[in-house]
$ cat target.txt   # compact mmCIF, C-alpha atoms
# COMPACT_ATOMS: atom_id res chain seq x y z
CA MET A 24 10.33 -11.80 38.52
CA ARG A 25 11.08 -12.45 34.86
CA GLU A 26 12.88 -9.89 32.71
CA LEU A 27 10.19 -9.17 30.11
CA PHE A 28 11.92 -6.73 27.79
CA ARG A 29 15.43 -8.10 27.43
CA GLY A 30 16.38 -11.29 25.61
CA LYS A 31 19.75 -12.82 24.66
CA LEU A 32 20.30 -10.60 21.60
CA VAL A 33 17.62 -7.91 21.60
CA ARG A 34 15.49 -5.75 23.82
CA ILE A 35 11.96 -4.44 23.35
CA THR A 36 11.59 -0.68 23.04
CA ALA A 37 9.10 2.05 22.22
CA GLU A 38 10.43 4.68 19.82
CA GLU A 39 9.53 8.27 19.02
CA PRO A 40 7.55 8.61 15.77
CA GLU A 41 10.49 10.35 14.02
CA THR A 42 12.95 7.59 14.90
CA TYR A 43 10.53 4.89 13.82
CA ALA A 44 9.65 6.63 10.56
CA LYS A 45 13.35 6.96 9.61
CA SER A 46 13.83 3.20 9.98
CA GLU A 47 10.54 2.17 8.36
CA VAL A 48 11.08 4.33 5.27
CA HIS A 49 14.40 2.56 4.81
CA TRP A 50 13.03 -0.98 5.50
CA GLN A 51 10.11 -0.72 3.07
CA ARG A 52 12.49 -0.09 0.15
CA ASP A 53 13.74 -3.65 0.55
CA SER A 54 11.02 -5.33 -1.52
CA GLU A 55 12.27 -8.80 -0.60
CA PHE A 56 11.66 -7.95 3.05
CA VAL A 57 8.11 -6.72 2.33
CA ARG A 58 7.33 -9.74 0.16
CA LEU A 59 8.48 -12.09 2.91
CA ALA A 60 6.44 -10.27 5.52
CA ASP A 61 3.19 -9.37 3.74
CA SER A 62 0.75 -10.48 1.04
CA ASP A 63 -0.36 -7.01 -0.10
CA PRO A 64 1.43 -5.48 -3.06
CA VAL A 65 4.55 -3.59 -2.03
CA GLN A 66 3.74 0.08 -1.44
CA LEU A 67 6.12 2.95 -0.72
CA SER A 68 5.05 5.61 1.80
CA SER A 69 6.80 8.88 2.58
CA GLU A 70 8.64 9.38 5.86
CA LYS A 71 6.11 12.12 6.68
CA LYS A 72 3.19 9.76 6.15
CA ILE A 73 4.73 7.04 8.33
CA ARG A 74 5.52 9.58 11.06
CA GLU A 75 1.95 10.92 11.03
CA TRP A 76 0.60 7.41 11.24
CA ALA A 77 2.83 6.68 14.27
CA GLU A 78 1.84 10.00 15.85
CA LYS A 79 -1.83 9.24 15.42
CA ARG A 80 -1.38 5.93 17.22
CA PHE A 81 0.54 7.77 19.97
CA GLU A 82 -2.30 10.32 20.31
CA LYS A 83 -4.84 7.54 20.67
CA GLY A 84 -2.94 6.15 23.64
CA PRO A 85 -2.47 2.50 24.62
CA GLN A 86 -5.23 0.23 23.28
CA PRO A 87 -6.10 -3.00 25.13
CA ASP A 88 -6.32 -5.02 21.91
CA ARG A 89 -3.26 -3.68 20.11
CA TYR A 90 0.40 -3.81 21.15
CA SER A 91 3.21 -2.82 18.88
CA PHE A 92 6.86 -2.69 19.85
CA THR A 93 10.20 -2.05 18.26
CA VAL A 94 13.34 -4.04 18.86
CA ARG A 95 16.96 -2.97 19.33
CA THR A 96 20.09 -5.10 19.47
CA LEU A 97 21.77 -5.44 22.85
CA ASP A 98 25.33 -4.97 21.62
CA GLU A 99 25.01 -1.91 19.35
CA ASP A 100 21.59 -0.62 20.37
CA LYS A 101 20.55 -0.66 16.69
CA LEU A 102 16.87 -0.49 15.81
CA ILE A 103 16.39 -3.59 13.62
CA GLY A 104 12.71 -4.54 13.63
CA PHE A 105 9.31 -4.68 15.26
CA PHE A 106 6.51 -6.94 16.33
CA GLY A 107 2.82 -6.28 16.70
CA LEU A 108 -0.01 -8.07 18.51
CA TRP A 109 -3.67 -7.93 17.51
CA ILE A 110 -5.69 -9.32 20.38
CA ASN A 111 -9.13 -10.85 20.52
CA LEU A 112 -10.09 -10.03 24.09
CA ILE A 113 -13.20 -12.22 24.01
CA HIS A 114 -11.47 -15.44 23.01
CA ASN A 115 -8.08 -14.60 24.57
CA GLU A 116 -6.11 -15.05 21.41
CA ALA A 117 -3.39 -12.91 19.84
CA TRP A 118 -2.24 -12.70 16.23
CA VAL A 119 1.38 -11.76 15.91
CA GLY A 120 3.27 -10.06 13.10
CA ILE A 121 7.04 -9.77 13.29
CA GLY A 122 9.76 -8.40 11.04
CA ILE A 123 13.45 -7.58 10.91
CA GLY A 124 13.89 -4.72 8.45
CA GLU A 125 17.69 -4.70 8.70
CA ARG A 126 18.57 -7.62 6.47
CA GLU A 127 22.09 -8.15 7.80
CA PHE A 128 20.39 -9.43 10.97
CA TRP A 129 18.51 -12.19 9.13
CA GLY A 130 19.33 -15.83 9.87
CA LYS A 131 21.34 -15.09 13.02
CA GLY A 132 18.85 -15.85 15.78
CA TYR A 133 17.56 -12.30 16.27
CA GLY A 134 14.06 -13.11 15.06
CA THR A 135 13.85 -16.18 17.27
CA ASP A 136 14.97 -14.12 20.25
CA MET A 137 12.32 -11.49 19.40
CA MET A 138 9.59 -14.09 19.11
CA LYS A 139 10.56 -15.72 22.40
CA LEU A 140 10.24 -12.34 24.12
CA CYS A 141 6.93 -11.80 22.38
CA LEU A 142 5.53 -15.18 23.53
CA GLN A 143 6.74 -14.60 27.08
CA TYR A 144 4.96 -11.24 27.05
CA VAL A 145 1.75 -12.76 25.70
CA PHE A 146 1.58 -15.66 28.14
CA THR A 147 2.95 -14.08 31.32
CA GLU A 148 1.87 -10.45 31.05
CA LEU A 149 -1.20 -10.48 28.78
CA CYS A 150 -2.20 -13.94 30.06
CA LEU A 151 -3.75 -15.13 26.78
CA GLU A 152 -4.62 -18.70 25.76
CA ARG A 153 -3.06 -18.87 22.33
CA VAL A 154 -0.97 -17.05 19.73
CA SER A 155 -1.50 -17.39 15.98
CA LEU A 156 0.42 -16.37 12.91
CA GLY A 157 0.50 -16.84 9.17
CA LEU A 158 3.47 -16.97 6.82
CA HIS A 159 4.30 -17.59 3.17
CA GLU A 160 5.36 -21.11 2.29
CA TYR A 161 8.51 -19.70 0.64
CA ASN A 162 9.67 -18.09 3.90
CA ALA A 163 11.63 -21.12 5.12
CA ARG A 164 13.75 -19.09 7.51
CA ALA A 165 10.66 -17.83 9.35
CA LEU A 166 9.15 -21.32 9.51
CA ARG A 167 12.27 -22.74 11.19
CA SER A 168 12.36 -19.87 13.65
CA TYR A 169 8.68 -20.21 14.60
CA GLU A 170 9.08 -23.97 15.08
CA LYS A 171 12.02 -23.32 17.40
CA CYS A 172 9.79 -21.03 19.45
CA GLY A 173 7.20 -23.80 19.83
CA PHE A 174 4.64 -22.92 17.15
CA ARG A 175 2.92 -25.87 15.48
CA LEU A 176 1.80 -25.98 11.87
CA GLU A 177 -2.01 -26.11 11.88
CA GLY A 178 -2.64 -26.17 8.16
CA ARG A 179 -2.17 -24.39 4.86
CA THR A 180 -4.56 -22.49 2.64
CA ARG A 181 -3.68 -23.91 -0.74
CA ARG A 182 -2.22 -21.65 -3.45
CA ASP A 183 -3.83 -18.48 -2.08
CA ILE A 184 -0.91 -16.18 -2.91
CA LEU A 185 0.25 -15.23 -6.41
CA ARG A 186 3.86 -14.04 -6.58
CA GLU A 187 5.99 -13.63 -9.68
CA GLY A 188 3.47 -15.65 -11.67
CA ARG A 189 3.51 -18.58 -9.27
CA ARG A 190 0.97 -19.79 -6.75
CA THR A 191 2.09 -20.45 -3.18
CA ASP A 192 0.42 -21.50 0.08
CA THR A 193 -0.10 -19.56 3.28
CA LEU A 194 0.93 -21.58 6.33
CA TRP A 195 -1.05 -21.17 9.56
CA MET A 196 0.62 -21.76 12.91
CA GLY A 197 -0.42 -21.61 16.55
CA ILE A 198 0.92 -22.15 20.04
CA LEU A 199 -1.22 -22.81 23.12
CA ARG A 200 -0.54 -21.50 26.58
CA GLU A 201 -0.02 -25.02 27.98
CA GLU A 202 2.47 -25.87 25.23
CA TRP A 203 4.46 -22.77 26.00
CA LEU A 204 4.44 -23.50 29.74
CA GLN A 205 5.66 -27.04 29.08
CA MET A 206 8.52 -25.70 26.97
CA GLN A 207 9.52 -23.33 29.78
CA ASN A 208 9.65 -26.21 32.25
CA GLY A 209 11.80 -28.18 29.83
CA GLU A 210 14.23 -25.30 29.37
CA ASN A 211 14.58 -24.72 33.10
CA GLN A 212 15.50 -28.30 33.89
CA MET B 29 -20.89 -18.83 -27.00
CA PHE B 30 -20.54 -17.07 -23.72
CA ASP B 31 -22.97 -18.33 -21.12
CA ILE B 32 -24.26 -14.97 -20.02
CA GLN B 33 -27.88 -16.10 -20.13
CA THR B 34 -27.67 -17.96 -16.83
CA GLN B 35 -29.11 -15.65 -14.18
CA LEU B 36 -26.55 -15.24 -11.41
CA PHE B 37 -29.05 -14.07 -8.84
CA GLU B 38 -31.90 -16.58 -9.42
CA GLY B 39 -32.04 -20.02 -7.79
CA SER B 40 -34.93 -22.46 -7.92
CA ASP B 41 -36.54 -21.32 -4.63
CA ILE B 42 -34.48 -18.29 -3.72
CA ARG B 43 -33.01 -15.15 -5.20
CA PHE B 44 -30.23 -12.74 -4.25
CA GLY B 45 -31.24 -9.12 -3.89
CA PRO B 46 -30.03 -5.86 -2.41
CA ILE B 47 -30.89 -4.62 1.08
CA ASP B 48 -34.45 -3.35 1.51
CA HIS B 49 -33.91 -0.51 3.96
CA GLU B 50 -37.63 -0.32 4.77
CA LYS B 51 -38.41 -3.95 5.56
CA ASP B 52 -35.27 -5.99 6.27
CA ALA B 53 -34.16 -4.44 9.56
CA GLU B 54 -37.24 -5.66 11.49
CA ILE B 55 -36.61 -9.22 10.35
CA GLU B 56 -32.88 -9.19 10.96
CA SER B 57 -33.49 -7.75 14.41
CA LYS B 58 -35.60 -10.84 15.19
CA TRP B 59 -32.72 -13.12 14.06
CA THR B 60 -30.31 -11.39 16.45
CA HIS B 61 -32.60 -12.35 19.34
CA ASP B 62 -31.89 -16.01 18.53
CA SER B 63 -28.60 -16.66 20.33
CA GLU B 64 -28.05 -19.99 18.58
CA PHE B 65 -28.15 -18.32 15.15
CA MET B 66 -25.85 -15.54 16.30
CA ARG B 67 -23.31 -17.97 17.73
CA LEU B 68 -23.28 -20.00 14.53
CA MET B 69 -22.79 -16.86 12.42
CA GLU B 70 -20.40 -14.88 14.58
CA VAL B 71 -17.41 -15.41 16.81
CA ASN B 72 -18.03 -11.97 18.31
CA PRO B 73 -20.29 -12.00 21.36
CA ALA B 74 -23.94 -12.53 20.45
CA ARG B 75 -26.14 -9.56 21.33
CA PRO B 76 -29.73 -8.68 20.51
CA MET B 77 -29.99 -5.72 18.13
CA SER B 78 -32.91 -3.40 17.57
CA ALA B 79 -34.17 -2.63 14.06
CA ALA B 80 -32.66 0.87 14.37
CA MET B 81 -29.25 -0.62 15.15
CA ILE B 82 -29.52 -2.93 12.14
CA LYS B 83 -30.48 0.02 9.90
CA LYS B 84 -27.31 1.80 11.00
CA GLN B 85 -25.34 -1.33 10.07
CA TYR B 86 -26.94 -1.31 6.61
CA GLU B 87 -25.80 2.28 6.06
CA LYS B 88 -22.27 1.35 7.09
CA LEU B 89 -22.32 -1.76 4.92
CA GLU B 90 -23.46 0.08 1.80
CA LYS B 91 -20.80 2.74 2.34
CA GLN B 92 -18.24 -0.04 2.60
CA LEU B 93 -19.53 -1.71 -0.59
CA GLU B 94 -19.04 1.56 -2.42
CA GLU B 95 -15.65 2.56 -0.99
CA ASP B 96 -13.67 -0.61 -0.28
CA LYS B 97 -14.39 -2.61 -3.46
CA ASN B 98 -13.45 -5.86 -1.75
CA LEU B 99 -16.88 -6.91 -0.50
CA TYR B 100 -20.07 -8.19 -2.19
CA HIS B 101 -23.18 -8.61 -0.09
CA PHE B 102 -26.58 -10.14 -0.93
CA MET B 103 -29.86 -10.60 0.84
CA ILE B 104 -31.40 -14.04 0.24
CA ARG B 105 -35.15 -13.92 -0.49
CA SER B 106 -37.77 -16.54 -1.09
CA LYS B 107 -38.94 -16.44 -4.72
CA ARG B 108 -42.46 -17.44 -3.72
CA ASP B 109 -43.22 -14.46 -1.44
CA ASP B 110 -40.06 -12.28 -1.56
CA ARG B 111 -39.61 -12.86 2.16
CA LEU B 112 -36.10 -12.25 3.58
CA ILE B 113 -34.60 -15.59 4.63
CA GLY B 114 -30.86 -15.01 4.91
CA LYS B 115 -27.75 -13.25 3.74
CA ALA B 116 -24.65 -14.15 1.78
CA SER B 117 -21.39 -12.37 1.05
CA VAL B 118 -17.90 -12.57 -0.38
CA GLN B 119 -15.56 -10.54 1.79
CA TRP B 120 -11.88 -9.68 2.40
CA ILE B 121 -11.18 -10.05 -1.32
CA GLU B 122 -7.52 -9.70 -2.31
CA TRP B 123 -7.67 -8.85 -5.99
CA THR B 124 -3.97 -9.29 -6.65
CA ASN B 125 -4.03 -12.82 -5.22
CA GLY B 126 -7.53 -13.70 -6.41
CA ASN B 127 -8.86 -14.93 -3.08
CA GLY B 128 -11.79 -14.13 -0.83
CA PHE B 129 -13.86 -15.40 2.10
CA LEU B 130 -17.50 -16.56 1.96
CA ARG B 131 -20.21 -15.97 4.56
CA LEU B 132 -23.68 -17.40 4.52
CA GLY B 133 -26.57 -17.55 6.96
CA ILE B 134 -30.22 -18.61 6.94
CA GLY B 135 -31.87 -16.47 9.61
CA ALA B 136 -35.10 -18.04 10.83
CA ALA B 137 -35.13 -21.50 12.42
CA GLN B 138 -38.11 -22.64 10.29
CA ASP B 139 -36.18 -21.86 7.07
CA ARG B 140 -33.19 -24.04 7.94
CA CYS B 141 -32.67 -27.59 6.63
CA LYS B 142 -34.82 -26.88 3.54
CA GLY B 143 -32.02 -26.69 1.02
CA TYR B 144 -31.97 -22.88 0.91
CA GLY B 145 -28.40 -22.79 2.23
CA SER B 146 -27.35 -25.24 -0.43
CA GLN B 147 -28.94 -23.20 -3.23
CA ALA B 148 -27.44 -20.00 -1.85
CA LEU B 149 -23.94 -21.50 -1.66
CA GLN B 150 -24.26 -22.75 -5.23
CA MET B 151 -25.13 -19.22 -6.39
CA LEU B 152 -22.45 -17.63 -4.25
CA LEU B 153 -19.77 -19.95 -5.68
CA ARG B 154 -20.87 -19.23 -9.23
CA PHE B 155 -20.68 -15.53 -8.47
CA ALA B 156 -17.23 -15.81 -6.84
CA PHE B 157 -15.71 -18.01 -9.56
CA ALA B 158 -17.50 -17.04 -12.78
CA GLU B 159 -18.14 -13.34 -12.12
CA LEU B 160 -15.39 -12.21 -9.72
CA ASN B 161 -12.97 -14.70 -11.34
CA LEU B 162 -11.44 -15.57 -7.99
CA PHE B 163 -8.81 -18.30 -7.98
CA ARG B 164 -10.01 -19.67 -4.64
CA VAL B 165 -12.45 -19.02 -1.79
CA SER B 166 -12.22 -19.81 1.91
CA ALA B 167 -14.74 -20.21 4.72
CA ILE B 168 -14.04 -20.04 8.45
CA VAL B 169 -16.20 -22.32 10.63
CA PRO B 170 -16.10 -23.27 14.32
CA GLU B 171 -16.00 -27.03 14.93
CA TYR B 172 -19.44 -26.95 16.58
CA ASN B 173 -21.17 -25.67 13.41
CA GLU B 174 -21.82 -29.15 12.03
CA GLY B 175 -24.44 -28.02 9.54
CA ALA B 176 -22.04 -25.61 7.86
CA ILE B 177 -19.26 -28.20 7.76
CA ARG B 178 -21.59 -30.75 6.09
CA LEU B 179 -22.66 -28.17 3.53
CA LEU B 180 -19.08 -27.11 2.69
CA LYS B 181 -17.95 -30.72 2.30
CA LYS B 182 -20.91 -31.41 0.01
CA PHE B 183 -19.61 -28.68 -2.30
CA GLY B 184 -16.09 -30.14 -2.32
CA PHE B 185 -14.46 -27.74 0.13
CA VAL B 186 -11.29 -29.14 1.68
CA GLN B 187 -10.55 -28.65 5.37
CA GLU B 188 -7.19 -26.93 5.18
CA VAL B 189 -6.51 -25.51 8.62
CA ARG B 190 -7.47 -26.50 12.15
CA ARG B 191 -6.81 -23.54 14.44
CA ARG B 192 -6.71 -25.42 17.73
CA ARG B 193 -8.74 -24.05 20.64
CA SER B 194 -9.21 -20.61 19.11
CA LEU B 195 -12.65 -19.90 20.58
CA GLU B 196 -14.13 -20.02 24.02
CA ARG B 197 -17.82 -20.76 24.42
CA ASP B 198 -19.89 -22.37 27.17
CA GLY B 199 -16.85 -22.78 29.38
CA ARG B 200 -14.68 -24.70 26.97
CA ARG B 201 -12.40 -24.02 24.06
CA TRP B 202 -13.16 -25.02 20.47
CA ASP B 203 -11.19 -25.38 17.26
CA LEU B 204 -11.78 -23.15 14.28
CA PHE B 205 -11.55 -24.62 10.77
CA VAL B 206 -10.58 -22.93 7.54
CA PHE B 207 -12.08 -24.60 4.46
CA GLY B 208 -10.95 -23.86 0.92
CA LEU B 209 -12.19 -24.50 -2.62
CA LEU B 210 -10.23 -23.71 -5.79
CA ASN B 211 -11.79 -22.42 -8.99
CA ASP B 212 -10.71 -25.47 -11.04
CA GLU B 213 -12.02 -27.86 -8.38
CA TRP B 214 -15.38 -26.10 -8.62
CA ARG B 215 -15.34 -26.21 -12.44
CA ASN B 216 -14.49 -29.89 -12.54
CA GLN B 217 -17.54 -30.69 -10.42
CA ALA B 218 -19.94 -28.74 -12.59
$ encode --input "target.txt" --output "structure tokens"
Amino acid sequence: MRELFRGKLVRITAEEPETYAKSEVHWQRDSEFVRLADSDPVQLSSEKKIREWAEKRFEKGPQPDRYSFTVRTLDEDKLIGFFGLWINLIHNEAWVGIGIGEREFWGKGYGTDMMKLCLQYVFTELCLERVSLGLHEYNARALRSYEKCGFRLEGRTRRDILREGRRTDTLWMGILREEWLQMQNGENQ
Amino acid sequence: MFDIQTQLFEGSDIRFGPIDHEKDAEIESKWTHDSEFMRLMEVNPARPMSAAMIKKQYEKLEKQLEEDKNLYHFMIRSKRDDRLIGKASVQWIEWTNGNGFLRLGIGAAQDRCKGYGSQALQMLLRFAFAELNLFRVSAIVPEYNEGAIRLLKKFGFVQEVRRRRSLERDGRRWDLFVFGLLNDEWRNQA
């Protein structure tokens, strides 16, 4: 059987609301991080608010259309980021959102390792047909990482984001189950 | 001179109006019993809805209009007899980025292919660009909705994204398109 929760650099975890809130309150203060990850205006929430939000999700219990995980490094066991899946159970598609809040771990292969674990989870455990994501055109690091994981560019919504007085595109990417399976066969040879 | 005389909600054969809580639910309930219409309008599973269920949806919708401030919704009526023929909306508006998504549907089979959709889209675009001042609008359409794709192209929408095999219907998978139109592209046509 495959190891689902452990990659080359990181492992997938679930954290207590307090632990998660402590990290999140620190990550959100890095406005560059938030502006790479999201298109909403940057907002600061209190640690209490984030904890309550995490607790509420915990109270609700596992939902079949929503998975959200945190990620720790293998060597220092440091909580560095998260990924979330929003699943359309009718059409067997997942949207993924991923982020590394600890910026010293950017550009070193951690995100790619996280995304590979995420795709493996989607295609082998959730058994879905495709995974989708969107990113800002100016997030070149993310684009390279997603391409390495097998995502293909499927188009761009022109100039839909306004940042610092400039218009930029949103890029849309997707990977199909069969493409992912083909990549696995290639890597195993 | 500001052109504020042009009526935003009046077309040549149709007009935009608010929900009529007394009359509209019966008619919309009939539309939901037409699986073809539902599958063209929705990627969620088609299901027949009773008038009471539709009325509940109206309540929810009006609450949303009031609270969320990122949605505008219109009922499309025939000017001749005030009959409900469809609905149109601008949704998921991001005010900071100036973008939003359009939705449009002509409910009854006998009202389709009569140019009502075209008139409604013209009014909806004017509303989105000249009243909401959006920078751009998008529309999401499955590849099998050929009528919608023709209409969008007629208005200068550009196919920007092809989400490969995103939907499953009738035992096969279909692509989903995202179309986009920018405010200045719309202005240059007019």
$ closest_residue --input "target.txt" --among "A:Asp88, A:Glu127, A:Glu41, A:Glu75" --to "Leu108 of chain A" --atoms "all atoms listed in the file"
A:Asp88
$ atom_distance --input "target.txt" --atom1 "atom CA of Lys71 of chain A" --atom2 "atom CA of Glu47 of chain A"
11.0 Å
$ atom_distance --input "target.txt" --atom1 "atom CA of Trp109 of chain A" --atom2 "atom CA of Glu148 of chain A"
14.8 Å
$ residues_around --input "target.txt" --residues "Arg25 of chain A" --least-positions-apart "5" --cutoff "12 Å" --atoms "all atoms listed in the file" --output "number ranges by chain"
A: 30, 140, 143-144, 147-148
$ closest_atom_pairs --input "target.txt" --of "chain A" --to "chain B" --cutoff "6 Å" --atoms "only C-alpha atoms" --output "Markdown table"
| residue | atom | partner | partner_atom | distance |
| --- | --- | --- | --- | --- |
| A:His114 | CA | B:Leu195 | CA | 5.2 |
| A:Glu177 | CA | B:Arg190 | CA | 5.5 |
| A:Gly178 | CA | B:Val189 | CA | 4.0 |
| A:Arg179 | CA | B:Glu188 | CA | 5.6 |
| A:Thr180 | CA | B:Glu188 | CA | 5.8 |
| A:Ile184 | CA | B:Asn125 | CA | 5.1 |
| A:Leu185 | CA | B:Asn125 | CA | 5.1 |
$ residues_near_point --input "target.txt" --point "(-31.4, -25.5, 7.2)" --cutoff "12 Å" --atoms "only C-alpha atoms" --output "list in words"
Phe65, Ile113, Gly114, Leu132, Gly133, Ile134, Gly135, Ala136, Ala137, Gln138, Asp139, Arg140, Cys141, Lys142, Gly143, Tyr144, Gly145, Ser146, Gln147, Ala148, Asn173, Glu174, Gly175, Ala176, Arg178 and Leu179 of chain B
$ atom_distance --input "target.txt" --atom1 "atom CA of Tyr133 of chain A" --atom2 "atom CA of Trp50 of chain A"
16.3 Å
$ residues_around --input "target.txt" --residues "Arg89 of chain A" --least-positions-apart "3" --cutoff "12 Å" --atoms "all atoms listed in the file" --output "count of residues only"
20
